[in-house]
Amino acid sequence: MPTVIKGQSTSPEVIAKLKDEDRPVLLSFSCGKDSIAAWIALEDAGIDVVPVYMYIVPNLPFVEKQLSYFESKFGKRIHRFPHASFYRLVGCGVFQAPERISIIERAQIPVIDYAHIWGAVRDHLGMQDCWVADGVRAADSIVRRASFVKHGVMKKSSMKVSPIADWLKAEVYEAIERRGIDLPIDYEIFGRSFDGIDRRFTEPMREHLPKDYAVLKEWFPMIEADIVRWGSYDMSTSASAGSYTDRAKAERERFELATDSEFWAAFCFKDERDLERFRSMTGISEGFVSGIELRDKTASLKPEKPKRGFAKRCIANPAKENPLDSVEYTDDLEADSRSEAMALYRAFVSGRQMRPVKNAIDSDLWICAAFRSREDKEGYLRDWGLTKYGDKYIDASAWMRSL
């Protein structure tokens with residue numbers, strides 16, 4: 001029996017309204033089971049579906065393979081556009097290596113939200129007045145059910161609709177099985193559809209999809225720090241026992257750890273000599289190290305009284321050109337968006353510095369330390385008096401000279 005959403009139309013009623021309007025419906029397609037079911041439900045009603053996939057990074061092999069599979073099963077081309085998270089992650093330097101920061105600053109990547117992207121997609125496809133459908137269901141969580149009750153299943157102001165909002169999981173699987181469609185590999189290795197670059201996705205990807213992991217790491221070189229962190233620390237919290245307050249606190253702590261993006265620091269070196277000196281002094285040879293190991297390996301190096309003072313942080317900017325200046329724009333938003341992404345990618349992979357560089361924090365020679373949390377990292381930097389050398393990107397060459 002479908003979920004009852006107070007004050008809202010049922011899925012058959014919603015789909016009938018869409019059918020009566022007699023116009024295409026855009027589908028936010030994630031390759032996940034719910035968006036597959038939404039596509040089936042709309043198509044079964046005779047509604048023309050125009051599917052759109054939004055990528056976190058372009059050209060992930062397993063994603064492209066899955067999109068091709070669904071294109072063959074439904075007989076429809078799936079349009080590909082960048083996800084808002086692509087601009088946020090790259091523009092904010094999430095999991096980025098130090099040598100890329102000046103490139104990102106020159107690119108001047110704007111903050112782009114979902115409304116902006118969908119507005120541009122609608123204009124590009126000539127579907128300004130069409131609904132955008134998704135596979136969101138009330139049964140997934142209390143929060144989603146409450147959102148439907150408050151905001152509606154059909155949101156006229158944003159033209160968003162959830163045509164299977166009251167479906168249960170069994171109905172989703174029945175529809176997919178009836179159409180003879182295989183679920184994507186996401187559910188086998190992630191337990192859900194792929195939609196992030198944190199350890200939930202990167203660790204299984206490294207094991208089961210090494211080529212895809214390599215592509216993702218080319219975009220976000222420091223993602224391995226998250227895997228190192230979770231493998232080196234006890235990141236679990238006891239949420240199965242105790243009072244409701246204790247369980248809520250444990251859940252809050254687990255969420256804060258999972259979403260903490262400031263847990264790592266890159267120790268940067270101006271040249272190979274400084275890097276080799278650090279390695280010989282500490283015995284750290286790998287590119288990624290846990291905060292536990294870093295503390296252990298550097299304990300004997302700590303001077304009795306750290307030097308005081310502040311260091312200027314000047315970003316070397318030898319080339320003023322915006323990497324996006326190389327893009328030759330057309331009237332094809334889909335192609336132009338991909339061209340922008342690939343222009344950034346080319347700048348990243350070709351932007352390695354000639355050494356010695358002016359500033360160590362612009363160097364592609366670094367060792368990344370993964371701490372348990374932001375507080376753990378900041379505590380280490382304070383203990384060593386390293387805050388004068390940087391926060392996320394540490395001038396390790398200057399640090400070595402002080403020892």
# chains A, B, ... in the order shown; residues from 1 in each chain; ligands from 1
>>> residues_around(residues="stretch 155-169 of chain A", least_positions_apart="5", cutoff="10 Å", atoms="only C-alpha atoms", output="VMD selection string")
chain A and resid 1 to 5 8 to 16 18 25 to 28 33 to 35 37 to 39 41 to 42 115 118 to 119 128 to 140 144 to 145 148 174
>>> residues_around(residues="A:Arg338", least_positions_apart="3", cutoff="12 Å", atoms="only C-alpha atoms", output="count of residues only")
26
>>> select_by_dssp(residues="stretch 34-201 of chain A", states="strand (DSSP E)", output="ChimeraX atom specification")
/A:49-55,79-82,132-133,154-155,160-161
>>> residues_around(residues="A:Thr259", least_positions_apart="5", cutoff="10 Å", atoms="only C-alpha atoms", output="number ranges by chain")
A: 198, 254, 373
>>> write_last_selection(atoms="C-alpha atoms", output="short mmCIF file (atom, residue, chain, number, x, y, z; two decimals), in the first residue's frame")
data_model
loop_
_atom_site.label_atom_id
_atom_site.label_comp_id
_atom_site.auth_asym_id
_atom_site.auth_seq_id
_atom_site.Cartn_x
_atom_site.Cartn_y
_atom_site.Cartn_z
CA ASP A 198 34.03 11.02 0.48
CA ARG A 254 29.55 10.70 13.68
CA SER A 373 39.37 15.93 12.84
#
>>> closest_atom_pairs(of="stretch 70-177 of chain A", to="stretch 215-228 of chain A", cutoff="9 Å", atoms="only C-alpha atoms", output="JSON lines")
{"residue": "A:Leu89", "atom": "CA", "partner": "A:Phe220", "partner_atom": "CA", "distance": 8.9}
{"residue": "A:Val90", "atom": "CA", "partner": "A:Phe220", "partner_atom": "CA", "distance": 8.2}
{"residue": "A:Gly93", "atom": "CA", "partner": "A:Phe220", "partner_atom": "CA", "distance": 8.7}
{"residue": "A:Val94", "atom": "CA", "partner": "A:Phe220", "partner_atom": "CA", "distance": 7.3}
{"residue": "A:Phe95", "atom": "CA", "partner": "A:Met222", "partner_atom": "CA", "distance": 4.6}
{"residue": "A:Gln96", "atom": "CA", "partner": "A:Phe220", "partner_atom": "CA", "distance": 5.4}
{"residue": "A:Ala97", "atom": "CA", "partner": "A:Pro221", "partner_atom": "CA", "distance": 6.0}
